[in-house]
Amino acid sequence: MIWNALLLSLKEIRRNLLRSFLTILGVVIGVGAVITMVTLGNGATRAIADQIESLGSNMLILRPGQRFGAGRDSAAAAPLKLADARAVAEQITALDAVVPSVTHAAVVVRFAANWSTTVVGATPAYLRARKWPLTQGRLYSDAEDRAGKALCVVGETVRRELFGRENPIGGAIRIRGFSCEVIGLLAAKGQAAMGMDQDDVVLMPLHTVQRRLIGNQDVAAILLAVSPGASIDHAKAAVERLMRERRRIGEGENDDFNVLDTRQIADALSSTTRVMTMLLSAVAAVSLLVGGIGIMNIMLVSVTERTREIGIRLAIGALEHEVLLQFLIEAVVLSALGGLTGIALAAIGSAWAATAMHIPFLFDLQINLLAFAFSAAIGVLFGYFPARRAARLDPIEALRHE
Amino acid sequence: MSVPAAPDVPLLRLRGVTKSYGTGDALLQALRGVDLEVREGEFVAIMGPSGSGKSTAMNILGCLDVPTTGSYEFRGIAVEKLSRNQRALLRRHCLGFVFQGYNLLARTSALENVELPLLYRGETTAARHAQARAALEAVGLGDRVRHTPAELSGGQQQRVAIARAMVTQPDVLLADEPTGNLDTQRSGEIMQIIAALNRDRGITVLMVTHEPDMAAYAHRVIRFVDGRVDSDERRP
Ligand SMILES: Nc1ncnc2c1ncn2[C@@H]1O[C@H](COP(=O)(O)OP(=O)(O)OP(=O)(O)O)[C@@H](O)[C@H]1O
Ligand SMILES: [Mg+2]
């Protein structure tokens, strides 16, 4: 009986192909949107986690200004100096590396080629702290850093843009009117999340950047690599105590610097993505509901349109529940087809969007099954009322229906 | 389900059956006390002016409707006491209908139309095909099984309707003006088929008709006037 009803409903759907398609469109879009949102949300969260991972999960970042304070307070706060880095390195034991750094946006030029990139000025410990190896050449030494030598290490993207097929080692690039020798090539990290290219970088000695590009002794940030096994929270507290002392911040006064924990950044970013995912999914869920109402509408029209057919079936001896089942199955098959189409579209759409956004495509079986079950449930929910209406028709009245 | 026949119990029996529609001023009495007995194997024609209650009586006899007062017994079973679903089962297993307006499923082949009652009886696909094809051949439509009603003439559609009614080998065939909108030639063909079902397979037939020519095929003619049985004649 159920098998027959299934065949019958498929036949009925095929008979009104265009109308069936329009009926399920709401469910297709709803299911597709929900799955796409969740899949991309998962991918974005993973991408952020990966990015933080590549930065190092046991890192602290000390910066002037209040927390996430690229805004008003950071300008007022006194800048960090090399002496701060030295003090931290001397007085706090649980640290593997203390790396003062500055960043500067600049255009780098080689012959006719030019490329706008980020110049990072840091002590040589920078690469060790970030566990970032070189594939060619060497890194500058501490002595070369202190002397402010015009040396640099380039990222893969910069190499590609400026050197093409040539060997970059020993070549010269010009930055803001001074020439700089390329002595090393960084290992490619690949494109990170949201199109952020980590290989688009030129690394130089801290002193060189301070003197030749920025023109002051300020340090923008101090990267601190916490020793493996040591407590990150303890290290962070120690750094904060020391900095309050050095910057003479009294009891009860707010810090005018901040120490970021990479885990914190990860948490903040992924909770933002989670909220976004939830909001967008809620919008998508509403469209799924609207899709369900669309199905109910069409099923009601269908019951009216097929009143005579229902009358014939009842007169011939169909039981109430058999007619009910027929219409219910038709609604469920319709919405389940919508669900399947939505799943297929979501898979294609989110795979494509994930590539475009440079985030991983994570197929989430659970959400796909859930969306499918939900779309079938919508068929039951919104198909039941029209089906019951059909089953309760009076056979004589139904046969008279024009 | 097969309802056993006690020898002294008539197949169908209406006793004091009335049927009224509406209430108050709008009250309309379609049947005003009908007493009627039909025995196994009879071929009964029901005649009478328009609005005299013939179709109303057929609907009650066919278990599609129940009397307002009075009783209807099918082989001794009081139909008005049965539930909606029990009446449906009675229709499914014991009755065959030929409606005035054909009432075939549109956009559905003749074969599938004829298979429909077998589907609800739970027959297998193979059995359904074989029986439906045999029924269509019996009404001379063996070469039209794939046609949909829109691709068939009026007479052919009516023959499909008869095939659908007889395919389950019902005890009773109820036909409400089966030749209502057919010309004399086609009507004759239809009547031949119905008479053969009664003669060869012993199916009891009740048929509403306006035309004396068609009524002439029956062994008994009941005339309705104004919701009552006016005359009831048997022919040898
Ligand atoms: N569902 C209904 N609601 C109200 N009145 C009805 C209904 N069905 C039938 N009637 C009325 O009952 C009376 C008998 O109708 P019925 O259909 O039985 O007549 P009939 O003898 O079959 O007529 P005809 O030869 O024209 O088919 C008519 O006056 C009709 O208007
Ligand atoms: Mg009538």
# chains A, B, ... in the order shown; residues from 1 in each chain; ligands from 1
$ residues_around --residues "range 319-336 of chain A" --least-positions-apart "6" --cutoff "7 Å" --atoms "only C-alpha atoms" --output "MDAnalysis selection string"
(chainID A and resid 5:6 9 24 27 372 375:376 378:380 383:384 387:388 390:392) or (chainID B and resid 85 88)
$ residues_around --residues "Pro124 in chain A" --least-positions-apart "3" --cutoff "9 Å" --atoms "only C-alpha atoms" --output "PyMOL selection string"
chain A and resi 99+127-128+139-142+145+204-206
$ residues_around --residues "Val114 in chain B" --least-positions-apart "4" --cutoff "8 Å" --atoms "only C-alpha atoms" --output "PDB file with all heavy atoms, in the first residue's frame"
ATOM      1  N   ALA B 110      -6.632   3.565 -19.580  1.00  0.00           N
ATOM      2  CA  ALA B 110      -7.790   2.709 -19.345  1.00  0.00           C
ATOM      3  C   ALA B 110      -7.406   1.562 -18.417  1.00  0.00           C
ATOM      4  O   ALA B 110      -8.131   1.245 -17.466  1.00  0.00           O
ATOM      5  CB  ALA B 110      -8.295   2.168 -20.677  1.00  0.00           C
ATOM      6  N   LEU B 118      -8.818  -3.027  -7.887  1.00  0.00           N
ATOM      7  CA  LEU B 118      -7.971  -4.165  -7.514  1.00  0.00           C
ATOM      8  C   LEU B 118      -6.829  -3.692  -6.617  1.00  0.00           C
ATOM      9  O   LEU B 118      -6.391  -4.388  -5.709  1.00  0.00           O
ATOM     10  CB  LEU B 118      -7.405  -4.837  -8.766  1.00  0.00           C
ATOM     11  CG  LEU B 118      -8.456  -5.385  -9.728  1.00  0.00           C
ATOM     12  CD1 LEU B 118      -7.804  -5.824 -11.034  1.00  0.00           C
ATOM     13  CD2 LEU B 118      -9.182  -6.558  -9.092  1.00  0.00           C
ATOM     14  N   ALA B 132      -7.386  -6.816 -15.180  1.00  0.00           N
ATOM     15  CA  ALA B 132      -7.849  -5.578 -15.802  1.00  0.00           C
ATOM     16  C   ALA B 132      -7.881  -5.741 -17.320  1.00  0.00           C
ATOM     17  O   ALA B 132      -8.816  -5.311 -17.999  1.00  0.00           O
ATOM     18  CB  ALA B 132      -6.950  -4.421 -15.402  1.00  0.00           C
ATOM     19  N   ALA B 135     -10.841  -7.825 -18.305  1.00  0.00           N
ATOM     20  CA  ALA B 135     -12.096  -7.070 -18.208  1.00  0.00           C
ATOM     21  C   ALA B 135     -12.240  -6.133 -19.402  1.00  0.00           C
ATOM     22  O   ALA B 135     -13.327  -6.002 -19.974  1.00  0.00           O
ATOM     23  CB  ALA B 135     -12.132  -6.279 -16.903  1.00  0.00           C
ATOM     24  N   LEU B 136     -11.131  -5.486 -19.793  1.00  0.00           N
ATOM     25  CA  LEU B 136     -11.185  -4.574 -20.937  1.00  0.00           C
ATOM     26  C   LEU B 136     -11.469  -5.349 -22.221  1.00  0.00           C
ATOM     27  O   LEU B 136     -12.193  -4.878 -23.102  1.00  0.00           O
ATOM     28  CB  LEU B 136      -9.881  -3.789 -21.054  1.00  0.00           C
ATOM     29  CG  LEU B 136      -9.769  -2.603 -20.088  1.00  0.00           C
ATOM     30  CD1 LEU B 136      -8.357  -2.059 -20.050  1.00  0.00           C
ATOM     31  CD2 LEU B 136     -10.753  -1.509 -20.472  1.00  0.00           C
ATOM     32  N   VAL B 160     -15.079   1.429 -20.437  1.00  0.00           N
ATOM     33  CA  VAL B 160     -13.997   1.341 -19.447  1.00  0.00           C
ATOM     34  C   VAL B 160     -14.607   1.371 -18.043  1.00  0.00           C
ATOM     35  O   VAL B 160     -14.215   0.608 -17.149  1.00  0.00           O
ATOM     36  CB  VAL B 160     -12.991   2.503 -19.608  1.00  0.00           C
ATOM     37  CG1 VAL B 160     -11.968   2.480 -18.478  1.00  0.00           C
ATOM     38  CG2 VAL B 160     -12.293   2.423 -20.950  1.00  0.00           C
ATOM     39  N   ALA B 161     -15.619   2.249 -17.854  1.00  0.00           N
ATOM     40  CA  ALA B 161     -16.266   2.344 -16.545  1.00  0.00           C
ATOM     41  C   ALA B 161     -16.922   1.013 -16.173  1.00  0.00           C
ATOM     42  O   ALA B 161     -16.863   0.583 -15.021  1.00  0.00           O
ATOM     43  CB  ALA B 161     -17.293   3.470 -16.549  1.00  0.00           C
ATOM     44  N   ALA B 163     -15.969  -1.964 -17.297  1.00  0.00           N
ATOM     45  CA  ALA B 163     -14.868  -2.888 -17.015  1.00  0.00           C
ATOM     46  C   ALA B 163     -14.363  -2.682 -15.590  1.00  0.00           C
ATOM     47  O   ALA B 163     -14.080  -3.640 -14.865  1.00  0.00           O
ATOM     48  CB  ALA B 163     -13.727  -2.673 -18.011  1.00  0.00           C
ATOM     49  N   ARG B 164     -14.278  -1.409 -15.170  1.00  0.00           N
ATOM     50  CA  ARG B 164     -13.806  -1.123 -13.816  1.00  0.00           C
ATOM     51  C   ARG B 164     -14.787  -1.670 -12.778  1.00  0.00           C
ATOM     52  O   ARG B 164     -14.395  -2.141 -11.725  1.00  0.00           O
ATOM     53  CB  ARG B 164     -13.638   0.388 -13.636  1.00  0.00           C
ATOM     54  CG  ARG B 164     -13.073   0.768 -12.284  1.00  0.00           C
ATOM     55  CD  ARG B 164     -12.894   2.251 -12.154  1.00  0.00           C
ATOM     56  NE  ARG B 164     -14.187   2.936 -12.182  1.00  0.00           N
ATOM     57  CZ  ARG B 164     -14.322   4.253 -12.268  1.00  0.00           C
ATOM     58  NH1 ARG B 164     -13.262   5.016 -12.340  1.00  0.00           N
ATOM     59  NH2 ARG B 164     -15.513   4.790 -12.302  1.00  0.00           N
ATOM     60  N   ALA B 165     -16.090  -1.572 -13.096  1.00  0.00           N
ATOM     61  CA  ALA B 165     -17.087  -2.033 -12.127  1.00  0.00           C
ATOM     62  C   ALA B 165     -17.127  -3.554 -12.045  1.00  0.00           C
ATOM     63  O   ALA B 165     -17.422  -4.117 -11.002  1.00  0.00           O
ATOM     64  CB  ALA B 165     -18.460  -1.487 -12.509  1.00  0.00           C
ATOM     65  N   VAL B 167     -14.555  -5.721 -12.844  1.00  0.00           N
ATOM     66  CA  VAL B 167     -13.267  -6.397 -12.744  1.00  0.00           C
ATOM     67  C   VAL B 167     -13.103  -7.114 -11.412  1.00  0.00           C
ATOM     68  O   VAL B 167     -12.371  -8.092 -11.296  1.00  0.00           O
ATOM     69  CB  VAL B 167     -12.100  -5.398 -12.980  1.00  0.00           C
ATOM     70  CG1 VAL B 167     -11.915  -4.478 -11.791  1.00  0.00           C
ATOM     71  CG2 VAL B 167     -10.821  -6.143 -13.294  1.00  0.00           C
TER      72      VAL B 167
END
$ interface_residues --of "chain A" --to "chain B" --cutoff "10 Å" --atoms "only C-alpha atoms" --output "list in words"
Met1, Asn4, Arg15, Arg306, Arg308, Glu309, Ile310, Gly311, Ile312, Arg313, Leu314, Ala315, Ile316, Gly317, Ala318, Leu319, Glu320, His321, Glu322, Arg392, Asp394, Pro395, Ile396, Leu399 and Arg400 of chain A
$ residues_near_ligand --ligand "ligand 1" --cutoff "10 Å" --atoms "only C-alpha atoms and all ligand atoms" --output "ChimeraX atom specification"
/A:396-397,400 /B:19-22,26-31,46-59,100,176-177,180,208-210,224-227
$ write_last_selection --atoms "N, CA, C and O atoms" --output "compact mmCIF listing (two decimals), in the first residue's frame"
# COMPACT_ATOMS: atom_id res chain seq x y z
N ILE A 396 -20.16 11.24 -2.30
CA ILE A 396 -21.19 11.72 -3.23
C ILE A 396 -20.94 13.17 -3.60
O ILE A 396 -20.96 13.55 -4.77
N GLU A 397 -20.65 13.98 -2.56
CA GLU A 397 -20.36 15.39 -2.81
C GLU A 397 -19.17 15.52 -3.74
O GLU A 397 -19.15 16.32 -4.67
N ARG A 400 -19.89 14.84 -7.31
CA ARG A 400 -20.68 15.89 -7.96
C ARG A 400 -19.83 17.09 -8.32
O ARG A 400 -20.25 17.93 -9.12
N LYS B 19 -35.24 9.88 2.81
CA LYS B 19 -34.00 10.67 2.77
C LYS B 19 -34.40 12.12 2.59
O LYS B 19 -35.15 12.45 1.66
N SER B 20 -33.97 12.97 3.50
CA SER B 20 -34.29 14.38 3.33
C SER B 20 -33.03 15.21 3.36
O SER B 20 -32.04 14.86 4.01
N TYR B 21 -33.06 16.28 2.62
CA TYR B 21 -31.92 17.20 2.58
C TYR B 21 -32.36 18.52 3.18
O TYR B 21 -33.51 18.92 3.04
N GLY B 22 -31.46 19.20 3.84
CA GLY B 22 -31.75 20.53 4.38
C GLY B 22 -32.64 20.45 5.61
O GLY B 22 -33.02 19.36 6.06
N ALA B 26 -36.30 24.90 4.08
CA ALA B 26 -35.56 24.36 2.94
C ALA B 26 -35.59 22.84 2.91
O ALA B 26 -34.91 22.23 2.10
N LEU B 27 -36.35 22.23 3.82
CA LEU B 27 -36.36 20.77 3.90
C LEU B 27 -36.88 20.18 2.60
O LEU B 27 -37.91 20.58 2.07
N LEU B 28 -36.13 19.20 2.09
CA LEU B 28 -36.53 18.57 0.84
C LEU B 28 -36.51 17.06 1.02
O LEU B 28 -35.50 16.50 1.42
N GLN B 29 -37.65 16.44 0.77
CA GLN B 29 -37.73 14.99 0.95
C GLN B 29 -37.49 14.31 -0.39
O GLN B 29 -38.35 14.30 -1.25
N ALA B 30 -36.30 13.76 -0.55
CA ALA B 30 -35.96 13.09 -1.81
C ALA B 30 -36.59 11.70 -1.85
O ALA B 30 -37.01 11.23 -2.91
N LEU B 31 -36.66 11.03 -0.70
CA LEU B 31 -37.33 9.73 -0.60
C LEU B 31 -38.34 9.81 0.53
O LEU B 31 -38.04 10.34 1.60
N ILE B 46 -34.64 0.82 -12.96
CA ILE B 46 -35.35 1.81 -12.16
C ILE B 46 -35.64 2.99 -13.07
O ILE B 46 -34.73 3.55 -13.69
N MET B 47 -36.93 3.34 -13.15
CA MET B 47 -37.33 4.44 -14.02
C MET B 47 -38.09 5.48 -13.21
O MET B 47 -38.35 5.28 -12.03
N GLY B 48 -38.44 6.57 -13.84
CA GLY B 48 -39.18 7.61 -13.13
C GLY B 48 -38.76 8.98 -13.57
O GLY B 48 -37.67 9.14 -14.12
N PRO B 49 -39.63 9.96 -13.34
CA PRO B 49 -39.30 11.31 -13.79
C PRO B 49 -38.09 11.88 -13.05
O PRO B 49 -37.70 11.40 -12.01
N SER B 50 -37.56 12.92 -13.65
CA SER B 50 -36.38 13.56 -13.06
C SER B 50 -36.73 14.11 -11.68
O SER B 50 -37.82 14.66 -11.48
N GLY B 51 -35.86 13.92 -10.72
CA GLY B 51 -36.09 14.43 -9.38
C GLY B 51 -36.94 13.52 -8.52
O GLY B 51 -37.30 13.86 -7.40
N SER B 52 -37.26 12.33 -9.02
CA SER B 52 -38.13 11.43 -8.26
C SER B 52 -37.36 10.64 -7.20
O SER B 52 -37.97 9.88 -6.44
N GLY B 53 -36.06 10.79 -7.17
CA GLY B 53 -35.28 10.14 -6.10
C GLY B 53 -34.55 8.89 -6.52
O GLY B 53 -34.05 8.15 -5.68
N LYS B 54 -34.41 8.65 -7.83
CA LYS B 54 -33.75 7.43 -8.30
C LYS B 54 -32.27 7.39 -7.89
O LYS B 54 -31.79 6.41 -7.32
N SER B 55 -31.58 8.50 -8.16
CA SER B 55 -30.15 8.53 -7.82
C SER B 55 -29.95 8.47 -6.32
O SER B 55 -29.01 7.81 -5.83
N THR B 56 -30.83 9.13 -5.58
CA THR B 56 -30.75 9.09 -4.12
C THR B 56 -30.86 7.65 -3.64
O THR B 56 -30.07 7.20 -2.80
N ALA B 57 -31.82 6.92 -4.20
CA ALA B 57 -32.00 5.52 -3.81
C ALA B 57 -30.79 4.68 -4.20
O ALA B 57 -30.33 3.83 -3.43
N MET B 58 -30.24 4.94 -5.38
CA MET B 58 -29.05 4.19 -5.83
C MET B 58 -27.87 4.43 -4.89
O MET B 58 -27.13 3.51 -4.57
N ASN B 59 -27.70 5.68 -4.46
CA ASN B 59 -26.59 5.99 -3.55
C ASN B 59 -26.73 5.23 -2.24
O ASN B 59 -25.75 4.77 -1.67
N GLN B 100 -23.04 7.83 -13.98
CA GLN B 100 -23.62 8.49 -15.15
C GLN B 100 -22.55 9.24 -15.95
O GLN B 100 -22.50 9.16 -17.16
N ASP B 176 -26.02 3.99 -12.76
CA ASP B 176 -26.94 5.13 -12.78
C ASP B 176 -26.88 5.77 -14.16
O ASP B 176 -25.90 6.44 -14.50
N GLU B 177 -27.90 5.53 -14.96
CA GLU B 177 -27.98 6.01 -16.33
C GLU B 177 -26.69 5.73 -17.10
O GLU B 177 -26.02 6.65 -17.56
N GLY B 180 -26.81 7.25 -20.47
CA GLY B 180 -27.41 8.57 -20.45
C GLY B 180 -27.04 9.47 -21.61
O GLY B 180 -27.90 10.06 -22.24
N VAL B 208 -30.48 2.48 -13.41
CA VAL B 208 -31.41 3.59 -13.60
C VAL B 208 -31.40 3.97 -15.07
O VAL B 208 -30.32 4.08 -15.67
N THR B 209 -32.58 4.13 -15.65
CA THR B 209 -32.62 4.59 -17.04
C THR B 209 -33.91 5.36 -17.32
O THR B 209 -34.92 5.18 -16.64
N HIS B 210 -33.83 6.25 -18.27
CA HIS B 210 -35.02 6.99 -18.68
C HIS B 210 -35.67 6.34 -19.90
O HIS B 210 -36.80 6.66 -20.25
N PHE B 224 -40.24 5.02 -9.95
CA PHE B 224 -40.27 5.95 -8.83
C PHE B 224 -41.10 7.17 -9.22
O PHE B 224 -40.95 7.67 -10.34
N VAL B 225 -41.94 7.63 -8.31
CA VAL B 225 -42.60 8.91 -8.52
C VAL B 225 -42.58 9.65 -7.19
O VAL B 225 -43.02 9.10 -6.17
N ASP B 226 -42.03 10.84 -7.21
CA ASP B 226 -42.07 11.71 -6.04
C ASP B 226 -41.56 11.03 -4.76
O ASP B 226 -42.16 11.12 -3.70
N GLY B 227 -40.44 10.35 -4.89
CA GLY B 227 -39.80 9.78 -3.70
C GLY B 227 -40.43 8.49 -3.21
O GLY B 227 -40.12 8.03 -2.11
$ residues_around --residues "Lys189 in chain A" --least-positions-apart "6" --cutoff "12 Å" --atoms "only C-alpha atoms" --output "number ranges by chain"
A: 50-51, 53-55, 130-135, 155-157, 196-201
$ closest_residue --among "B:Pro178, B:Pro212, B:Gly76, B:Gly188" --to "ligand 2" --atoms "only C-alpha atoms and all ligand atoms"
B:Pro178
$ select_by_dssp --residues "range 114-179 of chain A" --states "alpha helix (DSSP H)" --output "number ranges by chain"
A: 125-129, 142-147, 156-163
$ closest_residue --among "B:Val79, B:Ala150, B:Met207, B:Ala134" --to "ligand 2" --atoms "only C-alpha atoms and all ligand atoms"
B:Met207
$ residues_around --residues "Glu161 in chain A" --least-positions-apart "3" --cutoff "9 Å" --atoms "only C-alpha atoms" --output "list of chain:residue names"
A:Ala113, A:Asn114, A:Trp115, A:Glu156, A:Thr157, A:Val158, A:Gly164
$ closest_residue --among "B:Val172, B:Met214, B:Ala127, B:Val229" --to "Val34 in chain B" --atoms "only C-alpha atoms"
B:Val229
$ residues_around --residues "Glu73 in chain B" --least-positions-apart "2" --cutoff "9 Å" --atoms "only C-alpha atoms" --output "list in words"
Pro10, Leu11, Leu12, Arg13, Leu14, Arg15, Leu61, Ser71, Arg75, Gly76, Ile77, Ala78, Val79 and Glu80 of chain B
$ residues_around --residues "Gly294 in chain A" --least-positions-apart "5" --cutoff "10 Å" --atoms "only C-alpha atoms" --output "JSON, numbers by chain"
{"A": [22, 23, 24, 25, 26, 27, 288, 289, 299, 300, 382]}
$ select_by_dssp --residues "range 103-162 of chain A" --states "strand (DSSP E)" --output "PyMOL selection string"
chain A and resi 103-110+113-122+134-137+151-154
$ write_last_selection --atoms "N, CA, C and O atoms" --output "short mmCIF file (atom, residue, chain, number, x, y, z; two decimals), in the first residue's frame"
data_model
loop_
_atom_site.label_atom_id
_atom_site.label_comp_id
_atom_site.auth_asym_id
_atom_site.auth_seq_id
_atom_site.Cartn_x
_atom_site.Cartn_y
_atom_site.Cartn_z
N THR A 103 55.63 46.74 11.96
CA THR A 103 55.21 46.43 10.58
C THR A 103 55.01 47.74 9.84
O THR A 103 54.71 48.78 10.43
N HIS A 104 55.21 47.66 8.54
CA HIS A 104 55.12 48.86 7.73
C HIS A 104 54.68 48.47 6.33
O HIS A 104 55.22 47.56 5.74
N ALA A 105 53.67 49.16 5.84
CA ALA A 105 53.24 48.87 4.48
C ALA A 105 54.14 49.63 3.52
O ALA A 105 54.40 50.81 3.73
N ALA A 106 54.63 48.95 2.48
CA ALA A 106 55.54 49.63 1.56
C ALA A 106 55.48 48.99 0.18
O ALA A 106 55.04 47.85 0.03
N VAL A 107 55.92 49.76 -0.80
CA VAL A 107 56.02 49.21 -2.15
C VAL A 107 57.47 48.79 -2.37
O VAL A 107 58.38 49.56 -2.13
N VAL A 108 57.64 47.54 -2.79
CA VAL A 108 59.00 47.07 -3.07
C VAL A 108 59.17 47.00 -4.58
O VAL A 108 58.26 46.63 -5.31
N VAL A 109 60.38 47.37 -5.03
CA VAL A 109 60.61 47.52 -6.46
C VAL A 109 61.83 46.72 -6.88
O VAL A 109 62.83 46.66 -6.16
N ARG A 110 61.74 46.06 -8.02
CA ARG A 110 62.92 45.44 -8.61
C ARG A 110 62.84 45.67 -10.11
O ARG A 110 61.94 45.17 -10.75
N ALA A 113 59.53 45.76 -12.05
CA ALA A 113 58.45 45.16 -11.27
C ALA A 113 58.30 45.86 -9.92
O ALA A 113 59.30 46.18 -9.28
N ASN A 114 57.06 46.14 -9.55
CA ASN A 114 56.88 46.62 -8.18
C ASN A 114 55.68 45.95 -7.55
O ASN A 114 54.75 45.50 -8.23
N TRP A 115 55.70 45.90 -6.25
CA TRP A 115 54.71 45.10 -5.52
C TRP A 115 54.48 45.74 -4.17
O TRP A 115 55.42 46.05 -3.46
N SER A 116 53.21 45.94 -3.82
CA SER A 116 52.98 46.55 -2.52
C SER A 116 52.72 45.46 -1.49
O SER A 116 51.90 44.54 -1.71
N THR A 117 53.46 45.53 -0.41
CA THR A 117 53.45 44.42 0.54
C THR A 117 53.62 44.95 1.96
O THR A 117 53.62 46.16 2.19
N THR A 118 53.73 44.04 2.91
CA THR A 118 53.94 44.42 4.30
C THR A 118 55.38 44.11 4.68
O THR A 118 55.85 43.00 4.48
N VAL A 119 56.06 45.11 5.21
CA VAL A 119 57.42 44.88 5.68
C VAL A 119 57.35 44.66 7.18
O VAL A 119 56.77 45.47 7.91
N VAL A 120 57.88 43.53 7.63
CA VAL A 120 57.93 43.25 9.07
C VAL A 120 59.37 43.43 9.51
O VAL A 120 60.29 42.85 8.93
N GLY A 121 59.56 44.29 10.52
CA GLY A 121 60.89 44.44 11.11
C GLY A 121 60.91 43.72 12.43
O GLY A 121 60.06 43.98 13.28
N ALA A 122 61.83 42.77 12.60
CA ALA A 122 61.85 42.00 13.85
C ALA A 122 63.24 41.46 14.09
O ALA A 122 64.05 41.37 13.17
N LEU A 134 63.07 28.59 6.66
CA LEU A 134 63.48 29.16 5.37
C LEU A 134 63.65 28.01 4.40
O LEU A 134 64.01 26.91 4.79
N THR A 135 63.39 28.25 3.12
CA THR A 135 63.66 27.19 2.14
C THR A 135 64.98 27.43 1.42
O THR A 135 65.56 26.51 0.87
N GLN A 136 65.41 28.68 1.42
CA GLN A 136 66.68 28.99 0.75
C GLN A 136 67.39 30.07 1.53
O GLN A 136 66.75 30.88 2.20
N GLY A 137 68.68 30.11 1.40
CA GLY A 137 69.47 31.20 1.96
C GLY A 137 69.56 31.15 3.47
O GLY A 137 69.45 30.08 4.08
N LEU A 151 69.40 44.13 4.76
CA LEU A 151 69.22 42.74 4.35
C LEU A 151 67.74 42.39 4.49
O LEU A 151 67.04 42.99 5.30
N CYS A 152 67.29 41.43 3.71
CA CYS A 152 65.90 41.01 3.92
C CYS A 152 65.67 39.57 3.50
O CYS A 152 66.44 38.99 2.74
N VAL A 153 64.60 39.04 4.06
CA VAL A 153 64.14 37.69 3.73
C VAL A 153 62.74 37.89 3.13
O VAL A 153 61.94 38.64 3.69
N VAL A 154 62.46 37.25 1.98
CA VAL A 154 61.17 37.53 1.34
C VAL A 154 60.23 36.33 1.41
O VAL A 154 60.67 35.18 1.45
#
